[in-house]
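Before any comments, here is the structure.
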Amino acid sequence: MQRVHPIAWRGPLTAGGLALAVISAVLWHQQITPFGSHNLLISDMGTQYLSFFTAYRHALLHQNVQLYSFSQSLGGSVVPTLAYYLMSPFNLIVLLFPAANLPTGITVILIVKIVAIASTMTIYLQHHYHTQRWSATVFGVAFSLCGFVALDYFDLMWLDALIWLPLVLDGLDHLFATGHSARFFWWLWLSIVTDFYLGYMTGLFVIYYFIYMWFETKAPAQSFSADFKRRRGLIGQTLLTGCLSVGATLCLLIPTAWGMLQTAKSANSIQNFFLVPQYDLTILSQLGVGANTYADRLVHAPTLFSTTAIVLLAFAYFVHPNISSAHKWHAASLVLALLLSMGVRLLDTVWQMFQQPEGFPFREAFFFSFVLISLAFATWQAQPQKITRHWQWGLPALLAGLLIIGWLANRLAKTPISRHVLLLSLAYVSLTGLVLFATKRTIRTVLLTGLMTSELGANSLLSMRTTQFGNQTTYQQAYRTEYQQMKTVNDPDGQLYRVDNSNTLINKAYREKYNNYNDPLLFNFHGINYYSSTLNQTTWQTLKSLGLFGKNARRISSQGLTPVSSMLLGIKSDIVLKRNKQAQTTPNLSYLGMGFAVTRRFSKLQLLKTRAVANQENILQNLRPSSKPYFATATTISDHVTTDSQALTFHNLHTTTIKVKASGPLYYDDSSSITKYTTFRVNGQLIAPNVDANGYRMLLALGTFQKGQTVKLTFKTKHSSLSPKVVFASLNLAQFQQVSQHLKASAWVPTYHPAGFKTTVSGTMYNSSGQHWLYTAIPYDTAWTATVNGQPTTTKKALNGLTLIQIGYGKQTVRLYYQVSGLKLGATLSLLSLVTYLAYDWYRHKRPLP
C-alpha cells in the first residue's frame, strides 16, 4: 500500500459543502433555529446537554472552571460530566452565543459536526483507495447523515466518534503502509479524549479493522505463516502504539472511571451476558429510508441506513467479477462479525462498556455503516455496471424483497412502518438501480449524487417526524427573565447554601414534559435536582431514603422535601419565579447552614430504603431525644375502597377520612410505591405533584393542618388495604422548632472557592455542647480531606452518604479540601505513556522495523 502524492482538499471541502446543504435544507424545512423559531429542546438535549453547555460556557467566560460542583444535586466531581459530555473541541462554539441563544449555538455545533464527518470520511476514502475522484464526496456525505446520525442527531456528544473514526483508520492504514504510527496515535488519542464512551468502541473496532487489513494486505503468494513471520513486528508496533495512545488519555480516564464507579453504571445484570438474540427480521427495514422516527429513539433495531445506493453497491461488491474472492471473503467476515456483535446480547454488552444502555440501543451501529460505505465505494471504483446482467436486475429485486420482509416484520411486531414510507423506499430502489446499471458514466455520478443527497435528506426528515421541537423565541425571553430573578440566589458572596426552586419560566418553551432537573446548572445556583448518567448512586439513594423523588438512578428531584430534610440538606430559601415581576423568596425557618454538631451515635444511624417518615423520625430522635414522636401518625376514621376492574394498574380507589394528631404539615408515605399520586385530592382539592411519580416512592405533602382536624382524602393505589404499607403522619412543627433552636448554636455556615484543581469549603462554628462530630450536608467522598483549626482531622460517612467531621470543643475553623480522585495518578501515567511513545517513535525513525 504505497502512498500516492498528497490528496487535494477539494474533495473533503466539497463533501462538507454537500453535507452543509443537505442538513441546512432539513433544518430549514423543520424551521429549527437559526432557520426558524423551533429549537432542539427535546429528549436529552433539552433536559441535559443544554444545561451542561450553559454551565460550561459560564465557567469558561468567567474563568471559574471547577472540578467539583455543588450544582450537581448535593455535589460531585465534574470530571465524569466533562468526559462524558463536554470534551469535544466543537463545544467551544457555544462561546460565540449568549446563554439565552445557546439552542442556536447547539444547532450550529450539529451542522459543523455533520460537515466534519463528511469531510473526514472523504479523506479516508481518497487515501484508502488512492483516488481523487469527486465521487468520493457523496460517499462521505452518506456517512455524515447515516441512520445513526439521522436518529441520534440530538445526542451531540456521540457525533465526535464519527468525525475521528475515518482519521483513526487512515492512521492505521498509514502505519500498515509506511511503519509510521504518529497519525494513528494522535487520532486515537483524540477520539478517546473527546468522547471516551464511543472512543472505547472505536478502540474495539480498530481490532476488527486491523484483522481485516492484515488479510487484505497479505502477499497473495505467501502462506499465512510466512506472511506472519515477515510482518509480526507490525502487530507489536500497532499494539504498543494503541496501548500508549490509550495510556496518554489516563489523566482523563482514571478520574472518570473513579467517578463512574460511584454511579448506578457500576451495577449490572447477569442477563446482559446471555447468548440471546438482540434483533429480528425488523432489522431489514433499516436498509431503507424512514425506518425510524423520533418516537422510536429509545427502542429500535440497529440503524443500518446509509442510502439505497450504498446497499446496492455493497451487495454488488460480492458479485463483482473484478473483485477477488479473497477480498470478498475478508469483507464478508467483517460484515458478519459486526452483525453478530450487535445481534448477540453478550457481544453487544462488550461494545457498550459491559453495561447495556438505558435506551438508544446499538450505539455501535455506525461502524456497520462505515464498512458498508467503504465496500460500496470499492465497487464504485471497480465500476458497478460490470456485474452480470442478471445481478443488475437481481440485486435491486433482492433489496426490494428484503425491505418488504422488514416492513411485514414490523407490522407483526406491532411497530408498523407507513405504507407510503415502504413505497418511497421501493421507488429509491428502482431509481438507484437504473442509475447504477443503466446510465452512461458521464451522467451517472451527477444522478447518483442527486439521488443519494435527496434520500439522506428524506430519511432525516422522516426520522424527525413526531418530534415536538421547542420554541426558541419563548426560550430566549423566559431564560433572560429567569436568569435575572435567580441572580439573587446564585451565590454572589461565595457562601455555600442551597435553594429549592419550585417552579420555572422556561417550561413554556418546551413541548415535551420538562422536569427542571438541571436548572441549577442552567441558572448557576445550588439546588437538589439533577439528571445525568454521572449522578452519584449513594447520593441518590440517601435522598430517596429521605423521601425525595428519583424516577431512576440518573434523576433526583427536590419533590418530597420536608422542613426536616430541608434542614439536613442546607436549604436556605424557597424561590417562586414570577413573570414580569420579582421572584418570591421565602426563607426556610429551619435553615442552619451546611451543618451542625451531632453526637457520636449519629454516625451509626442508618437510613431505611423505603421508610422516609421513619427515617426522619429517627434522625430527630437522635438529635434531640423525645418521648413524644415528632411525626404523629394520623388516626384513620374510615377507608372505603372501590375497585375498578377496568383499570390496568391502580384499580383501588380509596376514600379515606383521617384525624390529624399534631399541628403541622401532613405527609403521605407509601413504602411500596404503588400509588397514583396524580389522583390525590385533599378535601376535594387536587394536589398532584409537579413530577410524574405514579408508581414510585416519594413523600407527598398533603397540606398543613391543626391537631384534631379531620381530613378527607381520595386517591388510587394498588393497595386494597392501606395498613401497614401506607402512613399518614403530621410533623409537630413546635416540637421540631425546638430541635432547630437547639442545633442553631453550633451551625456551620461555610463559603467555598476553587483554587486550581482543588475546591475548598471553609467556615467557623462554635461547639459549646462538647459534641465530637460536625454533620455536613456534603456528600461523603474519600477525595475530601478536612482540617480543624489547621490540623488534619477524621471524616466519616453519615446517613448512608453524607459527611461527618471530627471536631473539638469551642471555636472550630473547619476546612474541607477536594482533589479529584485518580487525577494525579492518571496525569502521571499519561505523561509516562506520552514520553514512552515519543521515545519509541524517535527510535523507530532511526531504526525502522522490517
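Ordering of the C-alpha cells sets the chain letters (A, B, ...); residue numbers start at 1 within each chain; ligands are numbered from 1 in the order shown.
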
Exercise. As a PyMOL selection string, list the residues of segment 590-715 of chain A assigned to alpha helix (DSSP H) by DSSP on the backbone atoms of this structure.
Key: chain A and resi 612-623

For the residues in that selection, give me N, CA, C and O atoms as a short mmCIF file (atom, residue, chain, number, x, y, z; two decimals), in the first residue's frame.
```cif
data_model
loop_
_atom_site.label_atom_id
_atom_site.label_comp_id
_atom_site.auth_asym_id
_atom_site.auth_seq_id
_atom_site.Cartn_x
_atom_site.Cartn_y
_atom_site.Cartn_z
N ALA A 612 -39.44 6.81 54.56
CA ALA A 612 -38.98 8.19 54.68
C ALA A 612 -39.40 8.82 56.01
O ALA A 612 -38.59 9.48 56.68
N VAL A 613 -40.65 8.65 56.42
CA VAL A 613 -41.11 9.23 57.68
C VAL A 613 -40.37 8.62 58.86
O VAL A 613 -39.92 9.33 59.77
N ALA A 614 -40.21 7.31 58.84
CA ALA A 614 -39.47 6.64 59.92
C ALA A 614 -38.03 7.12 59.98
O ALA A 614 -37.46 7.32 61.07
N ASN A 615 -37.40 7.34 58.83
CA ASN A 615 -36.03 7.83 58.80
C ASN A 615 -35.92 9.22 59.42
O ASN A 615 -35.00 9.48 60.21
N GLN A 616 -36.84 10.10 59.06
CA GLN A 616 -36.77 11.46 59.60
C GLN A 616 -37.10 11.48 61.09
O GLN A 616 -36.51 12.26 61.86
N GLU A 617 -37.98 10.61 61.52
CA GLU A 617 -38.27 10.49 62.95
C GLU A 617 -37.02 10.03 63.71
O GLU A 617 -36.67 10.59 64.76
N ASN A 618 -36.34 9.03 63.17
CA ASN A 618 -35.14 8.52 63.83
C ASN A 618 -34.05 9.58 63.90
O ASN A 618 -33.31 9.67 64.89
N ILE A 619 -33.92 10.38 62.85
CA ILE A 619 -32.91 11.45 62.84
C ILE A 619 -33.21 12.47 63.94
O ILE A 619 -32.32 12.87 64.71
N LEU A 620 -34.47 12.90 64.02
CA LEU A 620 -34.83 13.89 65.04
C LEU A 620 -34.66 13.34 66.44
O LEU A 620 -34.19 14.04 67.36
N GLN A 621 -35.03 12.08 66.63
CA GLN A 621 -34.86 11.47 67.95
C GLN A 621 -33.38 11.36 68.32
O GLN A 621 -33.01 11.48 69.49
N ASN A 622 -32.55 11.16 67.33
CA ASN A 622 -31.11 11.09 67.57
C ASN A 622 -30.54 12.46 67.91
O ASN A 622 -29.67 12.58 68.78
N LEU A 623 -31.05 13.50 67.26
CA LEU A 623 -30.57 14.85 67.50
C LEU A 623 -31.05 15.40 68.85
O LEU A 623 -30.31 16.09 69.55
#
```

Self-check item: Residue neighbourhood Val564 of chain A, 10 Å, only C-alpha atoms, exclusion window fewer than 5 positions, as a list of chain:residue names
Solution: A:Leu546, A:Leu569, A:Ser590, A:Tyr591, A:Gln616, A:Glu617, A:Ile619, A:Leu620, A:Leu731, A:Leu733, A:Phe736, A:Gln737, A:Val739, A:Ser740

Written file, previous selection with C-alpha atoms, as a PDB file, in the first residue's frame:
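Saved the output as result_21.pdb:
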```
ATOM      1  CA  LEU A 546     -35.369  10.948  52.923  1.00  0.00           C
ATOM      2  CA  LEU A 569     -29.598  19.492  53.284  1.00  0.00           C
ATOM      3  CA  SER A 590     -35.209  25.567  59.719  1.00  0.00           C
ATOM      4  CA  TYR A 591     -32.072  26.617  57.811  1.00  0.00           C
ATOM      5  CA  GLN A 616     -36.774  11.462  59.601  1.00  0.00           C
ATOM      6  CA  GLU A 617     -38.267  10.485  62.948  1.00  0.00           C
ATOM      7  CA  ILE A 619     -32.907  11.449  62.844  1.00  0.00           C
ATOM      8  CA  LEU A 620     -34.833  13.893  65.040  1.00  0.00           C
ATOM      9  CA  LEU A 731     -44.771  16.817  61.670  1.00  0.00           C
ATOM     10  CA  LEU A 733     -43.827  21.967  63.991  1.00  0.00           C
ATOM     11  CA  PHE A 736     -39.379  20.353  65.532  1.00  0.00           C
ATOM     12  CA  GLN A 737     -38.547  24.037  66.011  1.00  0.00           C
ATOM     13  CA  VAL A 739     -34.667  20.835  67.668  1.00  0.00           C
ATOM     14  CA  SER A 740     -33.752  23.575  65.207  1.00  0.00           C
TER      15      SER A 740
END
```

Quiz item: Using only C-alpha atoms, which residue out of A:Phe196, A:Trp134, A:Trp164, A:Tyr475 lies closest to Leu50 of chain A?
Solution: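 So, comparing all the options, the nearest one is A:Tyr475.
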
Practice problem: Tell me which protein, DNA and RNA residues are within 10 Å of Ala378 of chain A, counting only C-alpha atoms, leaving out same-chain ones fewer than 2 positions away, and put them as a ChimeraX atom specification. | Solution: /A:125,128-129,313-314,316-317,323,372-376,380-384

Could the residues in this selection be saved with C-alpha atoms as a PDB file, in the first residue's frame?
```pdb
ATOM      1  CA  LEU A 125     -11.898   7.090   1.089  1.00  0.00           C
ATOM      2  CA  HIS A 128      -7.568   4.298   1.332  1.00  0.00           C
ATOM      3  CA  TYR A 129      -8.477   3.844  -2.348  1.00  0.00           C
ATOM      4  CA  LEU A 313     -23.153  -1.225  -4.280  1.00  0.00           C
ATOM      5  CA  ALA A 314     -22.210  -3.211  -1.174  1.00  0.00           C
ATOM      6  CA  ALA A 316     -22.549  -5.746  -5.860  1.00  0.00           C
ATOM      7  CA  TYR A 317     -19.136  -5.967  -4.169  1.00  0.00           C
ATOM      8  CA  ILE A 323     -13.006  -8.123  -7.137  1.00  0.00           C
ATOM      9  CA  LEU A 372     -20.848  -0.716   4.082  1.00  0.00           C
ATOM     10  CA  ILE A 373     -19.907   2.685   2.624  1.00  0.00           C
ATOM     11  CA  SER A 374     -16.273   1.628   2.243  1.00  0.00           C
ATOM     12  CA  LEU A 375     -17.260  -1.535   0.360  1.00  0.00           C
ATOM     13  CA  ALA A 376     -19.727   0.420  -1.748  1.00  0.00           C
ATOM     14  CA  TRP A 380     -17.949   2.164  -7.451  1.00  0.00           C
ATOM     15  CA  GLN A 381     -14.233   2.283  -8.198  1.00  0.00           C
ATOM     16  CA  ALA A 382     -14.489  -1.106  -9.920  1.00  0.00           C
ATOM     17  CA  GLN A 383     -17.493   0.154 -11.997  1.00  0.00           C
ATOM     18  CA  PRO A 384     -20.778  -1.466 -10.853  1.00  0.00           C
TER      19      PRO A 384
END
```

Near segment 338-343 of chain A, 8 Å: segment 218-284 of chain A residue rows, closest pairs, only C-alpha atoms, as a Markdown table:
```
| residue | atom | partner | partner_atom | distance |
| --- | --- | --- | --- | --- |
| A:Pro277 | CA | A:Gly343 | CA | 5.5 |
| A:Gln278 | CA | A:Gly343 | CA | 4.7 |
| A:Tyr279 | CA | A:Gly343 | CA | 6.0 |
```

Keeping only all heavy atoms, write the selected residues as an mmCIF file, in the first residue's frame.
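Written out: part_5.cif:
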```cif
data_model
loop_
_atom_site.group_PDB
_atom_site.id
_atom_site.type_symbol
_atom_site.label_atom_id
_atom_site.label_comp_id
_atom_site.auth_asym_id
_atom_site.auth_seq_id
_atom_site.Cartn_x
_atom_site.Cartn_y
_atom_site.Cartn_z
ATOM 1 N N PRO A 277 -30.586 -13.436 21.234
ATOM 2 C CA PRO A 277 -30.630 -12.525 20.078
ATOM 3 C C PRO A 277 -31.109 -11.134 20.485
ATOM 4 O O PRO A 277 -31.949 -10.983 21.372
ATOM 5 C CB PRO A 277 -31.620 -13.211 19.134
ATOM 6 C CG PRO A 277 -32.453 -14.089 20.007
ATOM 7 C CD PRO A 277 -31.562 -14.533 21.123
ATOM 8 N N GLN A 278 -30.582 -10.134 19.782
ATOM 9 C CA GLN A 278 -30.883 -8.737 20.095
ATOM 10 C C GLN A 278 -31.893 -8.115 19.129
ATOM 11 O O GLN A 278 -32.490 -7.097 19.445
ATOM 12 C CB GLN A 278 -29.601 -7.911 20.048
ATOM 13 C CG GLN A 278 -28.647 -8.162 21.203
ATOM 14 C CD GLN A 278 -29.054 -7.403 22.445
ATOM 15 O OE1 GLN A 278 -29.850 -7.894 23.241
ATOM 16 N NE2 GLN A 278 -28.532 -6.216 22.624
ATOM 17 N N TYR A 279 -32.032 -8.699 17.943
ATOM 18 C CA TYR A 279 -32.954 -8.146 16.959
ATOM 19 C C TYR A 279 -33.510 -9.269 16.097
ATOM 20 O O TYR A 279 -33.036 -10.405 16.159
ATOM 21 C CB TYR A 279 -32.288 -7.068 16.104
ATOM 22 C CG TYR A 279 -31.005 -7.498 15.429
ATOM 23 C CD1 TYR A 279 -31.017 -8.311 14.304
ATOM 24 C CD2 TYR A 279 -29.775 -7.072 15.907
ATOM 25 C CE1 TYR A 279 -29.848 -8.706 13.678
ATOM 26 C CE2 TYR A 279 -28.589 -7.455 15.292
ATOM 27 C CZ TYR A 279 -28.628 -8.270 14.177
ATOM 28 O OH TYR A 279 -27.463 -8.655 13.559
#
```

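When atom CA of Gln584 of chain A is paired with atom CA of Arg480 of chain A, their separation reads 16.9 Å.
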
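When only C-alpha atoms are used to measure the gap to Gly401 of chain A, the shortest distance among A:Leu244, A:Ser418, A:Leu426, A:Leu456 belongs to A:Leu426.
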
Exercise. Grab the atom CA of Ala291 of chain A to atom CA of Trp351 of chain A distance for me, in Å with one decimal place.
Key: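 Pair atom CA of Ala291 of chain A / atom CA of Trp351 of chain A returns 23.5 Å.
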
Practice problem: Within segment 534-659 of chain A, find each residue whose DSSP state, derived from the backbone, is strand (DSSP E or B), and express the selection as number ranges by chain. | Solution: A: 536, 555-556, 571-576, 584-587, 592-598, 631-633, 635-643, 652-659

Next, dump the selected residues to file, keeping only C-alpha atoms, as a JSON list (two decimals), in the first residue's frame.
```
[["chain", "number", "residue", "atom", "x", "y", "z"],
["A", 536, "ASN", "CA", -23.62, 9.51, 42.38],
["A", 555, "ARG", "CA", -32.55, 11.53, 38.17],
["A", 556, "ILE", "CA", -33.27, 13.15, 41.51],
["A", 571, "ILE", "CA", -31.91, 24.64, 52.01],
["A", 572, "LYS", "CA", -31.76, 28.37, 52.74],
["A", 573, "SER", "CA", -34.87, 29.51, 50.90],
["A", 574, "ASP", "CA", -37.66, 28.58, 48.51],
["A", 575, "ILE", "CA", -37.90, 30.53, 45.25],
["A", 576, "VAL", "CA", -41.10, 31.08, 43.28],
["A", 584, "GLN", "CA", -40.82, 35.49, 45.59],
["A", 585, "THR", "CA", -38.19, 34.30, 48.08],
["A", 586, "THR", "CA", -39.38, 32.54, 51.23],
["A", 587, "PRO", "CA", -36.69, 31.95, 53.87],
["A", 592, "LEU", "CA", -28.92, 26.06, 59.89],
["A", 593, "GLY", "CA", -26.25, 26.47, 57.24],
["A", 594, "MET", "CA", -24.48, 23.42, 55.87],
["A", 595, "GLY", "CA", -24.02, 21.58, 59.15],
["A", 596, "PHE", "CA", -24.16, 21.43, 62.95],
["A", 597, "ALA", "CA", -22.65, 19.50, 65.84],
["A", 598, "VAL", "CA", -24.00, 15.99, 66.48],
["A", 631, "PHE", "CA", -44.16, 12.68, 63.38],
["A", 632, "ALA", "CA", -47.57, 11.86, 64.78],
["A", 633, "THR", "CA", -49.44, 9.15, 62.88],
["A", 635, "THR", "CA", -55.95, 8.11, 63.07],
["A", 636, "THR", "CA", -57.89, 6.50, 60.24],
["A", 637, "ILE", "CA", -61.58, 7.05, 60.84],
["A", 638, "SER", "CA", -62.77, 5.30, 57.70],
["A", 639, "ASP", "CA", -61.41, 3.88, 54.47],
["A", 640, "HIS", "CA", -63.89, 3.00, 51.73],
["A", 641, "VAL", "CA", -62.42, 1.11, 48.75],
["A", 642, "THR", "CA", -63.98, 0.95, 45.29],
["A", 643, "THR", "CA", -62.36, -1.47, 42.86],
["A", 652, "ASN", "CA", -58.43, 0.59, 44.01],
["A", 653, "LEU", "CA", -59.99, 3.97, 44.69],
["A", 654, "HIS", "CA", -59.72, 4.89, 48.37],
["A", 655, "THR", "CA", -61.98, 7.40, 50.03],
["A", 656, "THR", "CA", -60.28, 7.87, 53.38],
["A", 657, "THR", "CA", -61.06, 10.06, 56.35],
["A", 658, "ILE", "CA", -58.32, 10.66, 58.92],
["A", 659, "LYS", "CA", -57.92, 12.65, 62.11]]
```

Practice problem: Return the single residue from A:Thr610, A:Ser762, A:Asn524, A:Thr538 that is closest to His58 of chain A, with distances computed using only C-alpha atoms. | Solution: A:Asn524

Exercise. Give me the residues within 12 Å of Pro255 of chain A as a ChimeraX atom specification, counting only C-alpha atoms and dropping any in the same chain fewer than 3 places off.
Key: /A:67,77-84,249-252,258-262,783,819-827

Prev. selection, N, CA, C and O atoms, output as a JSON list (two decimals), in the first residue's frame:
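Writing the result to selection_6.json gives the following:
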```json
[["chain", "number", "residue", "atom", "x", "y", "z"],
["A", 67, "LEU", "N", -13.53, 21.57, 39.35],
["A", 67, "LEU", "CA", -13.60, 20.13, 39.18],
["A", 67, "LEU", "C", -14.54, 19.48, 40.18],
["A", 67, "LEU", "O", -14.66, 18.26, 40.23],
["A", 77, "SER", "N", -17.98, 15.28, 41.62],
["A", 77, "SER", "CA", -16.88, 15.57, 40.71],
["A", 77, "SER", "C", -17.43, 15.96, 39.35],
["A", 77, "SER", "O", -18.35, 15.34, 38.82],
["A", 78, "VAL", "N", -16.82, 16.98, 38.75],
["A", 78, "VAL", "CA", -17.23, 17.44, 37.43],
["A", 78, "VAL", "C", -16.56, 16.61, 36.34],
["A", 78, "VAL", "O", -17.03, 16.58, 35.20],
["A", 79, "VAL", "N", -15.48, 15.91, 36.67],
["A", 79, "VAL", "CA", -14.68, 15.24, 35.64],
["A", 79, "VAL", "C", -15.50, 14.23, 34.84],
["A", 79, "VAL", "O", -15.43, 14.23, 33.60],
["A", 80, "PRO", "N", -16.31, 13.33, 35.46],
["A", 80, "PRO", "CA", -17.12, 12.43, 34.64],
["A", 80, "PRO", "C", -18.08, 13.16, 33.71],
["A", 80, "PRO", "O", -18.27, 12.74, 32.56],
["A", 81, "THR", "N", -18.64, 14.28, 34.18],
["A", 81, "THR", "CA", -19.54, 15.05, 33.33],
["A", 81, "THR", "C", -18.78, 15.68, 32.16],
["A", 81, "THR", "O", -19.24, 15.67, 31.02],
["A", 82, "LEU", "N", -17.60, 16.21, 32.44],
["A", 82, "LEU", "CA", -16.77, 16.77, 31.38],
["A", 82, "LEU", "C", -16.42, 15.70, 30.35],
["A", 82, "LEU", "O", -16.55, 15.90, 29.14],
["A", 83, "ALA", "N", -15.96, 14.55, 30.85],
["A", 83, "ALA", "CA", -15.51, 13.49, 29.95],
["A", 83, "ALA", "C", -16.67, 12.92, 29.14],
["A", 83, "ALA", "O", -16.51, 12.57, 27.97],
["A", 84, "TYR", "N", -17.83, 12.83, 29.76],
["A", 84, "TYR", "CA", -18.98, 12.19, 29.12],
["A", 84, "TYR", "C", -19.66, 13.12, 28.11],
["A", 84, "TYR", "O", -20.19, 12.67, 27.10],
["A", 249, "THR", "N", -4.29, 9.01, 27.63],
["A", 249, "THR", "CA", -5.59, 9.59, 27.98],
["A", 249, "THR", "C", -5.97, 9.31, 29.44],
["A", 249, "THR", "O", -7.04, 9.73, 29.88],
["A", 250, "LEU", "N", -5.10, 8.62, 30.18],
["A", 250, "LEU", "CA", -5.47, 8.21, 31.53],
["A", 250, "LEU", "C", -5.66, 9.38, 32.50],
["A", 250, "LEU", "O", -6.31, 9.23, 33.53],
["A", 251, "CYS", "N", -5.09, 10.54, 32.16],
["A", 251, "CYS", "CA", -5.32, 11.72, 33.00],
["A", 251, "CYS", "C", -6.81, 12.04, 33.06],
["A", 251, "CYS", "O", -7.29, 12.62, 34.04],
["A", 252, "LEU", "N", -7.54, 11.65, 32.02],
["A", 252, "LEU", "CA", -8.99, 11.82, 31.99],
["A", 252, "LEU", "C", -9.72, 10.54, 32.38],
["A", 252, "LEU", "O", -10.71, 10.57, 33.13],
["A", 258, "TRP", "N", -13.21, 6.45, 38.13],
["A", 258, "TRP", "CA", -13.45, 6.51, 39.58],
["A", 258, "TRP", "C", -14.82, 7.10, 39.87],
["A", 258, "TRP", "O", -15.57, 6.60, 40.71],
["A", 259, "GLY", "N", -15.16, 8.16, 39.15],
["A", 259, "GLY", "CA", -16.47, 8.77, 39.35],
["A", 259, "GLY", "C", -17.60, 7.89, 38.85],
["A", 259, "GLY", "O", -18.65, 7.77, 39.50],
["A", 260, "MET", "N", -17.42, 7.24, 37.69],
["A", 260, "MET", "CA", -18.47, 6.41, 37.13],
["A", 260, "MET", "C", -18.73, 5.16, 37.97],
["A", 260, "MET", "O", -19.85, 4.64, 37.99],
["A", 261, "LEU", "N", -17.70, 4.68, 38.67],
["A", 261, "LEU", "CA", -17.90, 3.53, 39.55],
["A", 261, "LEU", "C", -18.81, 3.86, 40.73],
["A", 261, "LEU", "O", -19.33, 2.96, 41.39],
["A", 262, "GLN", "N", -19.01, 5.14, 40.99],
["A", 262, "GLN", "CA", -19.89, 5.56, 42.08],
["A", 262, "GLN", "C", -21.30, 5.86, 41.58],
["A", 262, "GLN", "O", -22.14, 6.34, 42.35],
["A", 783, "ALA", "N", -12.25, 11.66, 48.47],
["A", 783, "ALA", "CA", -11.45, 12.73, 47.88],
["A", 783, "ALA", "C", -11.45, 13.99, 48.74],
["A", 783, "ALA", "O", -10.62, 14.88, 48.53],
["A", 819, "GLN", "N", -9.83, 17.13, 46.13],
["A", 819, "GLN", "CA", -8.97, 16.87, 44.99],
["A", 819, "GLN", "C", -9.50, 15.64, 44.27],
["A", 819, "GLN", "O", -9.75, 14.59, 44.90],
["A", 820, "VAL", "N", -9.66, 15.74, 42.97],
["A", 820, "VAL", "CA", -10.28, 14.67, 42.20],
["A", 820, "VAL", "C", -9.50, 13.37, 42.36],
["A", 820, "VAL", "O", -8.29, 13.33, 42.16],
["A", 821, "SER", "N", -10.21, 12.33, 42.74],
["A", 821, "SER", "CA", -9.58, 11.02, 42.92],
["A", 821, "SER", "C", -9.01, 10.52, 41.60],
["A", 821, "SER", "O", -9.69, 10.54, 40.57],
["A", 822, "GLY", "N", -7.79, 10.06, 41.64],
["A", 822, "GLY", "CA", -7.16, 9.46, 40.47],
["A", 822, "GLY", "C", -6.54, 10.45, 39.51],
["A", 822, "GLY", "O", -5.91, 10.03, 38.54],
["A", 823, "LEU", "N", -6.68, 11.76, 39.76],
["A", 823, "LEU", "CA", -6.17, 12.75, 38.81],
["A", 823, "LEU", "C", -4.65, 12.74, 38.75],
["A", 823, "LEU", "O", -4.05, 12.74, 37.66],
["A", 824, "LYS", "N", -4.01, 12.72, 39.91],
["A", 824, "LYS", "CA", -2.54, 12.70, 39.93],
["A", 824, "LYS", "C", -2.00, 11.42, 39.31],
["A", 824, "LYS", "O", -1.05, 11.46, 38.52],
["A", 825, "LEU", "N", -2.60, 10.29, 39.67],
["A", 825, "LEU", "CA", -2.16, 9.01, 39.10],
["A", 825, "LEU", "C", -2.35, 9.01, 37.59],
["A", 825, "LEU", "O", -1.45, 8.61, 36.84],
["A", 826, "GLY", "N", -3.53, 9.46, 37.15],
["A", 826, "GLY", "CA", -3.81, 9.49, 35.72],
["A", 826, "GLY", "C", -2.86, 10.40, 34.97],
["A", 826, "GLY", "O", -2.37, 10.05, 33.88],
["A", 827, "ALA", "N", -2.59, 11.59, 35.53],
["A", 827, "ALA", "CA", -1.68, 12.53, 34.88],
["A", 827, "ALA", "C", -0.27, 11.95, 34.78],
["A", 827, "ALA", "O", 0.41, 12.10, 33.76]]
```

Quiz item: In Å to one decimal, how far is atom CA of Ser73 of chain A from atom CA of Thr534 of chain A?
Solution: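 Computing the Euclidean distance for atom CA of Thr534 of chain A and atom CA of Ser73 of chain A yields 10.8 Å.
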
Exercise. Excluding Glu358 of chain A and any residue of its chain fewer than 2 positions from it, enumerate the residues within 12 Å of it, using only C-alpha atoms, and give them as a PyMOL selection string.
Key: chain A and resi 264-265+268+297-299+352+355-356+360-363+533+552-554

Quiz item: So which one's closest to Val371 of chain A, A:Pro563, A:Pro166, A:Gly406, A:Pro34? Using only C-alpha atoms, please.
Solution: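 Smallest separation from Val371 of chain A among the options: A:Pro166.
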
Which residues come within 10 Å of Leu577 of chain A, counting only C-alpha atoms, excluding same-chain residues fewer than 4 positions away, as a short mmCIF file (atom, residue, chain, number, x, y, z; two decimals) with N, CA, C and O atoms, in the first residue's frame?
```cif
data_model
loop_
_atom_site.label_atom_id
_atom_site.label_comp_id
_atom_site.auth_asym_id
_atom_site.auth_seq_id
_atom_site.Cartn_x
_atom_site.Cartn_y
_atom_site.Cartn_z
N THR A 481 -35.44 36.42 31.66
CA THR A 481 -36.22 36.81 32.85
C THR A 481 -35.85 35.95 34.05
O THR A 481 -35.61 36.46 35.16
N GLU A 482 -35.78 34.64 33.83
CA GLU A 482 -35.49 33.73 34.94
C GLU A 482 -34.07 33.92 35.45
O GLU A 482 -33.83 33.87 36.66
N GLN A 485 -33.92 36.87 37.77
CA GLN A 485 -34.53 36.61 39.08
C GLN A 485 -33.68 35.66 39.91
O GLN A 485 -33.59 35.82 41.14
N MET A 486 -33.03 34.69 39.28
CA MET A 486 -32.23 33.73 40.03
C MET A 486 -30.87 34.29 40.42
O MET A 486 -30.17 33.69 41.25
N ASN A 501 -36.01 25.66 44.06
CA ASN A 501 -36.75 26.41 43.04
C ASN A 501 -37.97 25.59 42.66
O ASN A 501 -37.85 24.58 41.97
N SER A 502 -39.12 25.99 43.12
CA SER A 502 -40.32 25.16 42.98
C SER A 502 -41.06 25.36 41.66
O SER A 502 -42.05 24.70 41.39
N ASN A 503 -40.61 26.31 40.85
CA ASN A 503 -41.23 26.47 39.52
C ASN A 503 -40.18 27.04 38.57
O ASN A 503 -39.04 27.30 38.96
N THR A 504 -40.55 27.22 37.33
CA THR A 504 -39.63 27.76 36.34
C THR A 504 -40.42 28.50 35.28
O THR A 504 -41.62 28.28 35.11
N LEU A 505 -39.72 29.36 34.55
CA LEU A 505 -40.37 30.12 33.49
C LEU A 505 -40.10 29.54 32.12
O LEU A 505 -40.83 29.83 31.17
N LYS A 581 -42.23 40.05 37.10
CA LYS A 581 -42.16 40.51 38.48
C LYS A 581 -40.89 39.99 39.11
O LYS A 581 -40.16 39.18 38.53
N GLN A 582 -40.61 40.43 40.35
CA GLN A 582 -39.50 39.88 41.10
C GLN A 582 -39.88 38.51 41.64
O GLN A 582 -41.04 38.26 41.96
N ALA A 583 -38.87 37.65 41.75
CA ALA A 583 -39.12 36.32 42.32
C ALA A 583 -39.54 36.46 43.78
O ALA A 583 -39.10 37.35 44.50
N GLN A 584 -40.39 35.54 44.20
CA GLN A 584 -40.82 35.49 45.59
C GLN A 584 -39.90 34.54 46.35
O GLN A 584 -39.86 33.35 46.07
N THR A 585 -39.15 35.09 47.31
CA THR A 585 -38.19 34.30 48.08
C THR A 585 -38.72 34.11 49.50
O THR A 585 -38.97 35.10 50.20
#
```
